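A.B. asks: Just passing along the structure, written as structure tokens.
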Amino acid sequence: MHVFEIGEFKILKGIKAAEPKFRETLSKLIISKYDKDPYPTDVITEILFFCRDYYISEFEKILNNEKSYSFYKEMVWMHEQATNLRHSEHFKN
């Protein structure tokens, strides 16, 4: 995992080792459900939500099998870092 610093915040960026496994499966699911592109805008929106739901489901499977306290402690810490960064002066909305 790579660590980047933005001011006092640490941002962790994962490695892409697992990405091909999930992307290949997801691509097959998209093609089987929506056929191949080109897609109209409304279908693209639907596909994006489909992808989100897929990744949520896969992440829940990982979480359901994880029993390590330190894993969950790090997850909470990363969430707090992201929330604090979002509310910092680095995001001016």
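In the structure tokens, the first chain shown is A, the next is B, and so on; residue numbers restart at 1 for each chain, and ligands run from 1 in the order shown.
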Would you please extract all strand (DSSP E) residues from chain A, as assigned by DSSP on the backbone, and give them as a list of chain:residue names?

C.D. replies: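 Answer for chain A restricted to strand (DSSP E) is A:His2, A:Val3, A:Phe4, A:Glu5, A:Ile6, A:Phe9, A:Lys10, A:Ile11, A:Leu12, A:Lys13.
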
A.B. asks: With DSSP run on the backbone, what are the alpha helix (DSSP H) residues within chain A? I'd like them as JSON, numbers by chain.

C.D. replies: {"A": [19, 20, 21, 22, 23, 24, 25, 26, 27, 28, 29, 30, 31, 32, 33, 34, 41, 42, 43, 44, 45, 46, 47, 48, 49, 50, 51, 52, 53, 54, 55, 56, 57, 58, 59, 60, 61, 62, 63, 64, 65, 69, 70, 71, 72, 73, 74, 75, 76, 77, 78, 79, 80, 81, 82, 83, 84, 85, 86]}

A.B. asks: Please determine, counting only C-alpha atoms, which residue among A:Lys73, A:Glu66, A:Ser27, A:Asp37 has the shortest atom-to-atom distance to Phe50 in chain A.

C.D. replies: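 Looking at the shortest contact to Phe50 in chain A, the residue is A:Ser27.
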
A.B. asks: Would you pick out the contacts of range 13-23 of chain A at 10 Å or less, using only C-alpha atoms, so that residues sharing its chain but fewer than 4 positions from it are not included, and give the list as a VMD selection string?

C.D. replies: chain A and resid 1 to 4 27 to 29 51 54 to 55 58

A.B. asks: Those residues with N, CA and C atoms, as a PDB file, in the first residue's frame please?

C.D. replies:
ATOM      1  N   MET A   1       0.839  -1.168   0.000  1.00  0.00           N
ATOM      2  CA  MET A   1       0.000   0.000   0.000  1.00  0.00           C
ATOM      3  C   MET A   1       0.893   1.243   0.000  1.00  0.00           C
ATOM      4  N   HIS A   2       0.510   2.232  -0.769  1.00  0.00           N
ATOM      5  CA  HIS A   2       1.260   3.473  -0.846  1.00  0.00           C
ATOM      6  C   HIS A   2       0.606   4.509   0.064  1.00  0.00           C
ATOM      7  N   VAL A   3       1.442   5.297   0.745  1.00  0.00           N
ATOM      8  CA  VAL A   3       0.940   6.339   1.635  1.00  0.00           C
ATOM      9  C   VAL A   3       1.299   7.694   1.030  1.00  0.00           C
ATOM     10  N   PHE A   4       0.284   8.543   0.887  1.00  0.00           N
ATOM     11  CA  PHE A   4       0.467   9.912   0.411  1.00  0.00           C
ATOM     12  C   PHE A   4       0.072  10.848   1.534  1.00  0.00           C
ATOM     13  N   SER A  27     -16.743  -7.274 -15.549  1.00  0.00           N
ATOM     14  CA  SER A  27     -16.918  -7.066 -16.993  1.00  0.00           C
ATOM     15  C   SER A  27     -17.824  -8.131 -17.598  1.00  0.00           C
ATOM     16  N   LYS A  28     -17.623  -9.366 -17.187  1.00  0.00           N
ATOM     17  CA  LYS A  28     -18.470 -10.457 -17.692  1.00  0.00           C
ATOM     18  C   LYS A  28     -19.919 -10.277 -17.251  1.00  0.00           C
ATOM     19  N   LEU A  29     -20.108  -9.844 -15.997  1.00  0.00           N
ATOM     20  CA  LEU A  29     -21.467  -9.610 -15.505  1.00  0.00           C
ATOM     21  C   LEU A  29     -22.154  -8.479 -16.269  1.00  0.00           C
ATOM     22  N   CYS A  51     -22.229  -1.569 -10.875  1.00  0.00           N
ATOM     23  CA  CYS A  51     -20.824  -1.734 -10.471  1.00  0.00           C
ATOM     24  C   CYS A  51     -20.637  -1.415  -8.992  1.00  0.00           C
ATOM     25  N   TYR A  54     -21.956  -4.228  -6.970  1.00  0.00           N
ATOM     26  CA  TYR A  54     -21.056  -5.381  -7.065  1.00  0.00           C
ATOM     27  C   TYR A  54     -19.884  -5.224  -6.100  1.00  0.00           C
ATOM     28  N   TYR A  55     -19.236  -4.070  -6.133  1.00  0.00           N
ATOM     29  CA  TYR A  55     -18.079  -3.860  -5.260  1.00  0.00           C
ATOM     30  C   TYR A  55     -18.474  -3.834  -3.784  1.00  0.00           C
ATOM     31  N   GLU A  58     -18.868  -7.517  -2.838  1.00  0.00           N
ATOM     32  CA  GLU A  58     -17.583  -8.195  -2.702  1.00  0.00           C
ATOM     33  C   GLU A  58     -16.847  -7.734  -1.436  1.00  0.00           C
TER      34      GLU A  58
END

A.B. asks: Check the smallest atom-to-atom distance from each of A:Ser68, A:Thr25, A:Ser57, A:Gln81 to Glu5 in chain A using only C-alpha atoms, then report the winner.

C.D. replies: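 Checking each of A:Ser68, A:Thr25, A:Ser57, A:Gln81 against Glu5 in chain A, counting only C-alpha atoms, the winner is A:Gln81.
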
A.B. asks: Could you check how far CA of Ile30 in chain A sits from CA of Leu12 in chain A, in Å to one decimal?

C.D. replies: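 Taking CA of Ile30 in chain A and CA of Leu12 in chain A, their separation equals 28.7 Å.
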
A.B. asks: Need the shell around Glu89 in chain A: protein/DNA/RNA residues with any atom at most 12 Å away, counting only C-alpha atoms. Skip same-chain ones fewer than 4 positions apart. Format as a PyMOL selection string?

C.D. replies: chain A and resi 6-9+84-85+93

A.B. asks: Which distance in Å separates CA of Met78 in chain A and CA of Asn64 in chain A, to one decimal?

C.D. replies: 18.7 Å
